[in-house]
Amino acid sequence: MELREFLSFLRTHGLLREVEEPLSPYLEMARFIAAHQEEVLLFKNVPGYEGEVVSGLCAKRELMAMALGVQPQALIPILVKAMQNPVTPPIVENPPCQEVVEEKVDLTKLPILKHLAEDGGPYVTAGVAIIKDPDYGRNASFHRLMLLDEKRFVARVVEGRGTHTAWSKVSGDLEIAVAIGLPVHILIAASMSPPKGVDELSIANALAPTPLARCLAKDLEVPACAEIVLEGRLTKKLAPEGPFIDLTQTWDYVREQPILEVDLVTHRKRPIYHALLPGGAEHRLLMGIPREPTIFSAVNEVAECLDVRVTPGGMCWLHAVVKIRKRGPEDGLRAIEAAFKGHPSLKHVVIVDEDVDIDRLEEVEWAIATRFQADRGLVVLRDQPGSSLDPSAKHTPGRKTLTAKMGIDATVPWGAKAEDFKRIRW
Ligand SMILES: Cc1cc2nc3c(=O)[nH]c(=O)nc-3n(C[C@H](O)[C@H](O)[C@H](O)COP(=O)(O)O)c2cc1C
């Protein structure tokens, strides 16, 4: 469902909060979004901006499912299917994203939020960057962008990922297009990390029709329905990026990162700018939900996996719960190992049996309390590749972050009497 169509749908169902108050993108909007994190907000009167600002499109699992036209429990299967069967999108002429062409670039006209006074600058947080890798082809991924001036950002480009690999191998600038104001299915696809050579926009197109438009100034294609497109170059010039509060709601390190120069802006009439609150519910779910299918598929190769949840206390990124139907004595431990393969940034995982409701963390803790013994069900791994977002991990500039990992097998011990472990529910 296109963004505007989804907003109409939400409005009809009373699920859209339309904010008439003229809140400033400088600190005020972020504060408002933080206070209404699980709601879809549409800021109608943004001082100095002709369009509107949306936030919270993916702030609840139910919203994502609604946008994809499925029940929440069908999210994992539909994402697994799309990841395994990408479909090349068609290219269309006269796309909505090019209704207005702005050759004189002035990024300060966009309602780019400054979230906290201590931030390094205003930040684009829901921009999907599209590049072409000389060997692997098209790649779409999120990159936060800190505004430097009317024409330039400094981009956070995580080492070893799609954009970084392509940027490192070209000798000059890397052409880049940043699409802002996208439908939920494209946001979800862009936050996946498929194997190199698999195009996230083809995964998006497998989820829902995703026609593309040719950029006007670059040899790139972008979603035709995008509200705003910034066509530019990721240069070899570097600048300090940050400070910035990231997913874990802790300050990320300030690093020298590439400068993105924008050469052309195209947009729809009265464009809807998407603002995603860093470390908020929408950020957590967008990062985490695309990892549930990859954990599911990896665990399913070694045991019968029934369900997976990335959990909010672990920012939907560092913690997961995996539900299995145990068929052998080693299944719990094998599931732990596989879960870490399915999501390499995962730090702690709990494996539970099919009778545990993994949407209720109190039940997961109950399983740990009653079924787990640390001297036989605990897996501790040292010096593993970990998440750059975890402040307690070992960070060495230019090298992969290292972390310890822990898996808890909270399944009923193999061969035990089932009745001894059954929860009697009042
Ligand atoms: C909301 C959100 C923000 C993100 N911000 C960044 C970022 O600033 N830099 C980055 O390299 N990856 C970021 N990511 C991760 C990328 O979207 C993507 O998952 C990653 O680059 C891996 O994909 P790739 O290897 O195909 O490029 C973010 C993801 C989400 C969902």
# chains A, B, ... in the order shown; residues from 1 in each chain; ligands from 1

$ closest_atom_pairs --of "chain A" --to "ligand 1" --cutoff "9 Å" --atoms "only C-alpha atoms and all ligand atoms" --output "CSV"
residue,atom,partner,partner_atom_place_in_ligand_line,distance
A:Thr125,CA,ligand 1,3 (C),6.5
A:Ala126,CA,ligand 1,1 (C),6.1
A:Gly127,CA,ligand 1,3 (C),8.3
A:Val128,CA,ligand 1,17 (O),7.4
A:Ala129,CA,ligand 1,17 (O),8.5
A:Asn139,CA,ligand 1,26 (O),5.9
A:Ala140,CA,ligand 1,26 (O),6.4
A:Ser141,CA,ligand 1,17 (O),3.9
A:Phe142,CA,ligand 1,17 (O),3.6
A:His143,CA,ligand 1,8 (O),3.6
A:Arg144,CA,ligand 1,8 (O),3.8
A:Leu145,CA,ligand 1,8 (O),7.1
A:Ala155,CA,ligand 1,8 (O),7.0
A:Arg156,CA,ligand 1,8 (O),4.5
A:Val157,CA,ligand 1,11 (O),3.9
A:Val158,CA,ligand 1,11 (O),3.6
A:Glu159,CA,ligand 1,11 (O),7.0
A:Gly160,CA,ligand 1,25 (O),7.3
A:Arg161,CA,ligand 1,25 (O),3.8
A:Gly162,CA,ligand 1,27 (O),3.4
A:Thr163,CA,ligand 1,27 (O),5.4
A:His164,CA,ligand 1,11 (O),7.4
A:Thr165,CA,ligand 1,27 (O),8.5
A:Leu187,CA,ligand 1,31 (C),7.4
A:Ile188,CA,ligand 1,31 (C),7.4
A:Ala189,CA,ligand 1,17 (O),8.7
A:Ala190,CA,ligand 1,17 (O),5.5
A:Ser191,CA,ligand 1,17 (O),4.0
A:Met192,CA,ligand 1,19 (O),4.9
A:Ser193,CA,ligand 1,23 (O),4.0
A:Pro194,CA,ligand 1,26 (O),5.8
A:Pro195,CA,ligand 1,26 (O),7.3
A:Lys196,CA,ligand 1,26 (O),6.8
A:Gly197,CA,ligand 1,26 (O),8.7
A:Val198,CA,ligand 1,26 (O),8.0
A:Asp199,CA,ligand 1,26 (O),7.8
A:Glu200,CA,ligand 1,26 (O),7.1
A:Asp246,CA,ligand 1,5 (N),8.6
A:Leu247,CA,ligand 1,3 (C),8.2
A:Leu276,CA,ligand 1,1 (C),7.0
A:Leu277,CA,ligand 1,1 (C),8.7
A:Pro278,CA,ligand 1,1 (C),7.5
A:Gly279,CA,ligand 1,1 (C),8.9
A:Glu282,CA,ligand 1,1 (C),7.7
A:His283,CA,ligand 1,1 (C),4.8
A:Arg284,CA,ligand 1,1 (C),7.5
A:Leu285,CA,ligand 1,31 (C),7.8
A:Leu286,CA,ligand 1,31 (C),4.6
A:Met287,CA,ligand 1,31 (C),3.9
A:Gly288,CA,ligand 1,31 (C),7.6
A:Pro290,CA,ligand 1,31 (C),8.8

$ residues_around --residues "A:Leu16" --least-positions-apart "5" --cutoff "8 Å" --atoms "only C-alpha atoms" --output "PyMOL selection string"
chain A and resi 7+10-11+39-42

$ residues_around --residues "A:Arg425" --least-positions-apart "6" --cutoff "12 Å" --atoms "only C-alpha atoms" --output "PyMOL selection string"
chain A and resi 355-356+363

$ write_last_selection --atoms "N, CA and C atoms" --output "mmCIF file, in the first residue's frame"
data_model
loop_
_atom_site.group_PDB
_atom_site.id
_atom_site.type_symbol
_atom_site.label_atom_id
_atom_site.label_comp_id
_atom_site.auth_asym_id
_atom_site.auth_seq_id
_atom_site.Cartn_x
_atom_site.Cartn_y
_atom_site.Cartn_z
ATOM 1 N N ASP A 355 4.690 -24.284 24.458
ATOM 2 C CA ASP A 355 3.598 -23.842 25.340
ATOM 3 C C ASP A 355 3.829 -22.442 25.915
ATOM 4 N N VAL A 356 4.952 -21.809 25.575
ATOM 5 C CA VAL A 356 5.253 -20.477 26.141
ATOM 6 C C VAL A 356 4.794 -19.390 25.171
ATOM 7 N N GLU A 363 6.140 -14.656 30.771
ATOM 8 C CA GLU A 363 6.096 -16.116 30.532
ATOM 9 C C GLU A 363 7.472 -16.649 30.159
#

$ select_by_dssp --residues "stretch 166-318 of chain A" --states "alpha helix (DSSP H)" --output "MDAnalysis selection string"
chainID A and resid 166:169 184:190 200:207 281:288 291:300

$ atom_distance --atom1 "atom CA of A:Val105" --atom2 "atom CA of A:Ile228"
12.6 Å

$ residues_around --residues "stretch 403-415 of chain A" --least-positions-apart "5" --cutoff "6 Å" --atoms "only C-alpha atoms" --output "PyMOL selection string"
chain A and resi 329+332+336+347-353+367-368+371-372+377-384+386+393

$ closest_residue --among "A:Thr12, A:Asn45, A:Gln249, A:Ser55" --to "A:Leu182" --atoms "only C-alpha atoms"
A:Ser55

$ residues_around --residues "A:Val100" --least-positions-apart "3" --cutoff "8 Å" --atoms "only C-alpha atoms" --output "ChimeraX atom specification"
/A:97,266-269

$ write_last_selection --atoms "N, CA, C and O atoms" --output "PDB file, in the first residue's frame"
ATOM      1  N   CYS A  97       7.269  10.847  -7.899  1.00  0.00           N
ATOM      2  CA  CYS A  97       8.393  11.430  -7.137  1.00  0.00           C
ATOM      3  C   CYS A  97       9.109  12.533  -7.902  1.00  0.00           C
ATOM      4  O   CYS A  97       9.967  13.216  -7.341  1.00  0.00           O
ATOM      5  N   THR A 266      14.059  16.093  -6.161  1.00  0.00           N
ATOM      6  CA  THR A 266      12.744  15.992  -6.813  1.00  0.00           C
ATOM      7  C   THR A 266      11.751  15.577  -5.731  1.00  0.00           C
ATOM      8  O   THR A 266      12.127  14.952  -4.733  1.00  0.00           O
ATOM      9  N   HIS A 267      10.468  15.957  -5.937  1.00  0.00           N
ATOM     10  CA  HIS A 267       9.477  15.556  -4.935  1.00  0.00           C
ATOM     11  C   HIS A 267       8.061  15.608  -5.487  1.00  0.00           C
ATOM     12  O   HIS A 267       7.811  16.144  -6.584  1.00  0.00           O
ATOM     13  N   ARG A 268       7.160  15.047  -4.718  1.00  0.00           N
ATOM     14  CA  ARG A 268       5.742  15.149  -5.056  1.00  0.00           C
ATOM     15  C   ARG A 268       5.259  16.521  -4.626  1.00  0.00           C
ATOM     16  O   ARG A 268       5.947  17.227  -3.895  1.00  0.00           O
ATOM     17  N   LYS A 269       4.078  16.890  -5.079  1.00  0.00           N
ATOM     18  CA  LYS A 269       3.519  18.155  -4.593  1.00  0.00           C
ATOM     19  C   LYS A 269       3.149  17.984  -3.124  1.00  0.00           C
ATOM     20  O   LYS A 269       2.654  16.932  -2.732  1.00  0.00           O
TER      21      LYS A 269
END

$ closest_atom_pairs --of "stretch 7-114 of chain A" --to "stretch 211-226 of chain A" --cutoff "12 Å" --atoms "only C-alpha atoms" --output "tab-separated table"
residue	atom	partner	partner_atom	distance
A:Val87	CA	A:Pro211	CA	11.1
A:Thr88	CA	A:Pro211	CA	9.4
A:Pro89	CA	A:Pro211	CA	5.6
A:Pro90	CA	A:Pro211	CA	5.2
A:Ile91	CA	A:Leu212	CA	4.7
A:Val92	CA	A:Ala213	CA	5.6
A:Glu93	CA	A:Ala213	CA	6.6
A:Asn94	CA	A:Ala213	CA	7.9
A:Pro95	CA	A:Ala224	CA	5.1
A:Pro96	CA	A:Cys225	CA	5.7
A:Cys97	CA	A:Ala226	CA	5.2
A:Gln98	CA	A:Ala224	CA	8.1
A:Glu99	CA	A:Cys225	CA	10.4
A:Val100	CA	A:Leu216	CA	11.7
A:Val101	CA	A:Leu216	CA	9.1
A:Glu102	CA	A:Leu216	CA	11.1
A:Glu103	CA	A:Ala217	CA	10.1

$ atom_distance --atom1 "atom CA of A:Ile259" --atom2 "atom CA of A:His115"
20.7 Å

$ closest_residue --among "A:Lys132, A:Arg61, A:His13, A:Arg233" --to "A:Asp359" --atoms "only C-alpha atoms"
A:Arg61

$ closest_residue --among "A:Ala208, A:Leu238, A:Leu306, A:Val124" --to "A:Ala179" --atoms "only C-alpha atoms"
A:Val124

$ select_by_dssp --residues "stretch 150-297 of chain A" --states "strand (DSSP E or B)" --output "PyMOL selection string"
chain A and resi 152-155+174-180+212-214+221-223+228-241+244-245+251-252+255-267+272-274

$ write_last_selection --atoms "N, CA and C atoms" --output "compact mmCIF listing (two decimals), in the first residue's frame"
# COMPACT_ATOMS: atom_id res chain seq x y z
N ARG A 152 24.82 19.74 1.69
CA ARG A 152 25.63 18.59 2.12
C ARG A 152 25.16 17.98 3.44
N PHE A 153 25.34 16.66 3.47
CA PHE A 153 25.16 15.90 4.72
C PHE A 153 26.47 15.18 5.01
N VAL A 154 26.61 14.69 6.26
CA VAL A 154 27.59 13.63 6.49
C VAL A 154 26.76 12.40 6.83
N ALA A 155 27.09 11.27 6.14
CA ALA A 155 26.27 10.05 6.26
C ALA A 155 26.94 9.06 7.20
N LEU A 174 30.65 8.07 -5.26
CA LEU A 174 29.66 7.02 -5.53
C LEU A 174 28.31 7.70 -5.70
N GLU A 175 27.66 7.47 -6.85
CA GLU A 175 26.33 8.06 -7.06
C GLU A 175 25.36 7.48 -6.03
N ILE A 176 24.50 8.33 -5.51
CA ILE A 176 23.58 7.89 -4.46
C ILE A 176 22.28 8.66 -4.60
N ALA A 177 21.16 7.99 -4.33
CA ALA A 177 19.87 8.69 -4.29
C ALA A 177 19.23 8.33 -2.95
N VAL A 178 18.72 9.33 -2.27
CA VAL A 178 18.08 9.08 -0.97
C VAL A 178 16.59 9.34 -1.11
N ALA A 179 15.79 8.29 -0.84
CA ALA A 179 14.33 8.42 -0.96
C ALA A 179 13.74 8.58 0.44
N ILE A 180 12.89 9.57 0.59
CA ILE A 180 12.26 9.83 1.90
C ILE A 180 10.75 9.87 1.70
N LEU A 212 9.61 1.45 -10.14
CA LEU A 212 10.75 2.35 -9.94
C LEU A 212 10.77 3.44 -11.01
N ALA A 213 11.46 4.53 -10.66
CA ALA A 213 11.65 5.63 -11.62
C ALA A 213 13.14 5.81 -11.83
N ARG A 214 13.52 6.17 -13.07
CA ARG A 214 14.94 6.51 -13.30
C ARG A 214 15.21 7.88 -12.72
N GLU A 221 17.90 4.02 -9.91
CA GLU A 221 16.43 3.95 -9.90
C GLU A 221 15.95 4.04 -8.46
N VAL A 222 14.82 4.71 -8.28
CA VAL A 222 14.26 4.90 -6.94
C VAL A 222 12.78 4.52 -6.96
N PRO A 223 12.18 4.24 -5.80
CA PRO A 223 10.74 3.95 -5.80
C PRO A 223 9.96 5.14 -6.39
N ILE A 228 9.98 12.27 -1.58
CA ILE A 228 11.13 13.17 -1.82
C ILE A 228 12.32 12.31 -2.26
N VAL A 229 13.06 12.80 -3.26
CA VAL A 229 14.29 12.09 -3.67
C VAL A 229 15.44 13.10 -3.74
N LEU A 230 16.54 12.75 -3.08
CA LEU A 230 17.74 13.58 -3.13
C LEU A 230 18.75 12.85 -4.00
N GLU A 231 19.11 13.43 -5.12
CA GLU A 231 20.09 12.78 -6.01
C GLU A 231 21.46 13.41 -5.74
N GLY A 232 22.45 12.58 -5.48
CA GLY A 232 23.75 13.16 -5.14
C GLY A 232 24.89 12.19 -5.25
N ARG A 233 25.96 12.50 -4.52
CA ARG A 233 27.18 11.70 -4.57
C ARG A 233 27.71 11.50 -3.16
N LEU A 234 28.13 10.26 -2.87
CA LEU A 234 28.82 9.99 -1.61
C LEU A 234 30.30 10.17 -1.92
N THR A 235 30.87 11.26 -1.40
CA THR A 235 32.22 11.64 -1.80
C THR A 235 33.27 10.95 -0.92
N LYS A 236 34.53 11.20 -1.26
CA LYS A 236 35.62 10.64 -0.44
C LYS A 236 36.03 11.62 0.66
N LYS A 237 35.34 12.78 0.70
CA LYS A 237 35.65 13.74 1.77
C LYS A 237 34.97 13.27 3.05
N LEU A 238 35.65 13.44 4.16
CA LEU A 238 35.10 12.99 5.45
C LEU A 238 34.84 14.16 6.37
N ALA A 239 33.91 13.95 7.31
CA ALA A 239 33.65 14.96 8.34
C ALA A 239 33.18 14.21 9.59
N PRO A 240 33.33 14.83 10.76
CA PRO A 240 32.84 14.15 11.97
C PRO A 240 31.32 14.00 11.93
N GLU A 241 30.86 12.80 12.25
CA GLU A 241 29.41 12.52 12.25
C GLU A 241 28.98 12.28 13.69
N PHE A 244 25.07 11.62 18.27
CA PHE A 244 23.73 11.17 17.88
C PHE A 244 23.30 10.07 18.83
N ILE A 245 22.07 10.16 19.31
CA ILE A 245 21.51 9.09 20.14
C ILE A 245 20.99 8.01 19.20
N TRP A 251 24.59 7.51 23.54
CA TRP A 251 25.29 8.28 22.50
C TRP A 251 26.16 7.37 21.67
N ASP A 252 26.01 7.44 20.35
CA ASP A 252 26.92 6.71 19.47
C ASP A 252 28.23 7.51 19.39
N ARG A 255 32.41 9.74 14.62
CA ARG A 255 33.41 9.14 13.72
C ARG A 255 33.56 10.02 12.48
N GLU A 256 34.69 9.89 11.80
CA GLU A 256 34.87 10.55 10.50
C GLU A 256 34.09 9.72 9.47
N GLN A 257 33.13 10.33 8.81
CA GLN A 257 32.28 9.61 7.87
C GLN A 257 32.18 10.39 6.55
N PRO A 258 31.74 9.71 5.47
CA PRO A 258 31.73 10.36 4.16
C PRO A 258 30.68 11.48 4.03
N ILE A 259 31.06 12.50 3.30
CA ILE A 259 30.13 13.62 3.02
C ILE A 259 29.30 13.29 1.78
N LEU A 260 28.01 13.53 1.90
CA LEU A 260 27.09 13.31 0.77
C LEU A 260 26.72 14.68 0.20
N GLU A 261 27.03 14.89 -1.08
CA GLU A 261 26.67 16.16 -1.72
C GLU A 261 25.44 15.95 -2.59
N VAL A 262 24.46 16.81 -2.40
CA VAL A 262 23.20 16.66 -3.14
C VAL A 262 23.22 17.59 -4.35
N ASP A 263 22.90 17.03 -5.54
CA ASP A 263 22.95 17.81 -6.78
C ASP A 263 21.55 18.18 -7.28
N LEU A 264 20.55 17.43 -6.89
CA LEU A 264 19.19 17.67 -7.41
C LEU A 264 18.18 17.12 -6.41
N VAL A 265 17.07 17.85 -6.25
CA VAL A 265 15.99 17.35 -5.39
C VAL A 265 14.73 17.24 -6.24
N THR A 266 14.06 16.09 -6.16
CA THR A 266 12.74 15.99 -6.81
C THR A 266 11.75 15.58 -5.73
N HIS A 267 10.47 15.96 -5.94
CA HIS A 267 9.48 15.56 -4.94
C HIS A 267 8.06 15.61 -5.49
N ILE A 272 5.32 14.59 1.77
CA ILE A 272 5.22 14.13 3.16
C ILE A 272 6.61 13.63 3.58
N TYR A 273 7.18 14.31 4.55
CA TYR A 273 8.51 13.96 5.05
C TYR A 273 8.34 12.98 6.22
N HIS A 274 9.13 11.90 6.20
CA HIS A 274 9.03 10.89 7.27
C HIS A 274 10.13 11.14 8.31

$ atom_distance --atom1 "atom CA of A:Asp106" --atom2 "atom CA of A:Glu28"
22.2 Å

$ closest_residue --among "A:His319, A:Tyr253, A:Arg31, A:Val364" --to "A:Thr396" --atoms "only C-alpha atoms"
A:Tyr253

$ residues_around --residues "A:Phe296" --least-positions-apart "2" --cutoff "8 Å" --atoms "only C-alpha atoms" --output "MDAnalysis selection string"
chainID A and resid 76 292:294 298:300 305:308 322 339 342

$ decode --residues "stretch 388-400 of chain A" --atoms "all heavy atoms" --output "mmCIF file, in the first residue's frame"
data_model
loop_
_atom_site.group_PDB
_atom_site.id
_atom_site.type_symbol
_atom_site.label_atom_id
_atom_site.label_comp_id
_atom_site.auth_asym_id
_atom_site.auth_seq_id
_atom_site.Cartn_x
_atom_site.Cartn_y
_atom_site.Cartn_z
ATOM 1 N N SER A 388 27.797 -2.770 16.549
ATOM 2 C CA SER A 388 28.496 -1.489 16.759
ATOM 3 C C SER A 388 27.677 -0.580 17.682
ATOM 4 O O SER A 388 28.168 0.426 18.165
ATOM 5 C CB SER A 388 28.726 -0.795 15.417
ATOM 6 O OG SER A 388 27.488 -0.430 14.852
ATOM 7 N N LEU A 389 26.426 -0.959 17.925
ATOM 8 C CA LEU A 389 25.541 -0.100 18.717
ATOM 9 C C LEU A 389 25.607 -0.394 20.214
ATOM 10 O O LEU A 389 24.991 0.305 21.012
ATOM 11 C CB LEU A 389 24.083 -0.302 18.257
ATOM 12 C CG LEU A 389 23.800 0.020 16.795
ATOM 13 C CD1 LEU A 389 22.387 -0.420 16.425
ATOM 14 C CD2 LEU A 389 23.960 1.499 16.548
ATOM 15 N N ASP A 390 26.342 -1.445 20.603
ATOM 16 C CA ASP A 390 26.353 -1.860 22.008
ATOM 17 C C ASP A 390 27.507 -1.190 22.753
ATOM 18 O O ASP A 390 28.675 -1.521 22.530
ATOM 19 C CB ASP A 390 26.485 -3.391 22.044
ATOM 20 C CG ASP A 390 26.673 -3.921 23.458
ATOM 21 O OD1 ASP A 390 26.568 -3.127 24.410
ATOM 22 O OD2 ASP A 390 26.921 -5.127 23.590
ATOM 23 N N PRO A 391 27.215 -0.254 23.657
ATOM 24 C CA PRO A 391 28.307 0.476 24.298
ATOM 25 C C PRO A 391 29.201 -0.406 25.177
ATOM 26 O O PRO A 391 30.337 -0.034 25.454
ATOM 27 C CB PRO A 391 27.594 1.530 25.146
ATOM 28 C CG PRO A 391 26.177 1.158 25.198
ATOM 29 C CD PRO A 391 25.887 0.189 24.098
ATOM 30 N N SER A 392 28.724 -1.583 25.599
ATOM 31 C CA SER A 392 29.554 -2.418 26.468
ATOM 32 C C SER A 392 30.456 -3.369 25.679
ATOM 33 O O SER A 392 31.266 -4.099 26.254
ATOM 34 C CB SER A 392 28.675 -3.214 27.440
ATOM 35 O OG SER A 392 27.949 -4.187 26.718
ATOM 36 N N ALA A 393 30.333 -3.376 24.350
ATOM 37 C CA ALA A 393 31.178 -4.260 23.527
ATOM 38 C C ALA A 393 32.573 -3.653 23.355
ATOM 39 O O ALA A 393 32.820 -2.536 23.790
ATOM 40 C CB ALA A 393 30.509 -4.466 22.168
ATOM 41 N N LYS A 394 33.479 -4.441 22.731
ATOM 42 C CA LYS A 394 34.850 -3.943 22.505
ATOM 43 C C LYS A 394 34.905 -3.262 21.143
ATOM 44 O O LYS A 394 34.720 -3.923 20.109
ATOM 45 C CB LYS A 394 35.821 -5.135 22.468
ATOM 46 C CG LYS A 394 36.530 -5.389 23.783
ATOM 47 C CD LYS A 394 37.597 -6.469 23.581
ATOM 48 C CE LYS A 394 37.273 -7.680 24.434
ATOM 49 N NZ LYS A 394 38.030 -8.870 24.119
ATOM 50 N N HIS A 395 35.150 -1.950 21.154
ATOM 51 C CA HIS A 395 35.184 -1.204 19.897
ATOM 52 C C HIS A 395 36.610 -0.770 19.592
ATOM 53 O O HIS A 395 37.237 -0.103 20.409
ATOM 54 C CB HIS A 395 34.298 0.046 19.993
ATOM 55 C CG HIS A 395 32.874 -0.279 20.325
ATOM 56 N ND1 HIS A 395 31.962 -0.678 19.382
ATOM 57 C CD2 HIS A 395 32.205 -0.276 21.507
ATOM 58 C CE1 HIS A 395 30.788 -0.905 19.968
ATOM 59 N NE2 HIS A 395 30.921 -0.671 21.258
ATOM 60 N N THR A 396 37.117 -1.170 18.415
ATOM 61 C CA THR A 396 38.435 -0.700 17.978
ATOM 62 C C THR A 396 38.220 -0.044 16.618
ATOM 63 O O THR A 396 37.680 -0.704 15.719
ATOM 64 C CB THR A 396 39.420 -1.888 17.805
ATOM 65 O OG1 THR A 396 39.276 -2.735 18.947
ATOM 66 C CG2 THR A 396 40.848 -1.435 17.659
ATOM 67 N N PRO A 397 38.602 1.256 16.462
ATOM 68 C CA PRO A 397 38.341 1.930 15.187
ATOM 69 C C PRO A 397 38.851 1.122 14.000
ATOM 70 O O PRO A 397 39.963 0.584 14.045
ATOM 71 C CB PRO A 397 39.088 3.265 15.331
ATOM 72 C CG PRO A 397 39.199 3.485 16.807
ATOM 73 C CD PRO A 397 39.282 2.124 17.438
ATOM 74 N N GLY A 398 38.015 1.011 12.962
ATOM 75 C CA GLY A 398 38.411 0.304 11.738
ATOM 76 C C GLY A 398 38.285 -1.209 11.830
ATOM 77 O O GLY A 398 38.540 -1.916 10.859
ATOM 78 N N ARG A 399 37.916 -1.730 13.001
ATOM 79 C CA ARG A 399 37.776 -3.195 13.124
ATOM 80 C C ARG A 399 36.372 -3.546 13.573
ATOM 81 O O ARG A 399 35.662 -2.720 14.137
ATOM 82 C CB ARG A 399 38.784 -3.746 14.133
ATOM 83 C CG ARG A 399 40.192 -3.435 13.704
ATOM 84 C CD ARG A 399 41.160 -3.827 14.749
ATOM 85 N NE ARG A 399 41.454 -5.253 14.669
ATOM 86 C CZ ARG A 399 42.475 -5.803 15.308
ATOM 87 N NH1 ARG A 399 43.252 -5.067 16.061
ATOM 88 N NH2 ARG A 399 42.706 -7.081 15.214
ATOM 89 N N LYS A 400 35.984 -4.790 13.306
ATOM 90 C CA LYS A 400 34.654 -5.256 13.687
ATOM 91 C C LYS A 400 34.535 -5.256 15.218
ATOM 92 O O LYS A 400 35.453 -5.691 15.925
ATOM 93 C CB LYS A 400 34.453 -6.671 13.108
ATOM 94 C CG LYS A 400 33.108 -7.287 13.374
ATOM 95 C CD LYS A 400 31.990 -6.732 12.502
ATOM 96 C CE LYS A 400 30.626 -7.225 12.964
ATOM 97 N NZ LYS A 400 29.556 -6.267 12.909
#
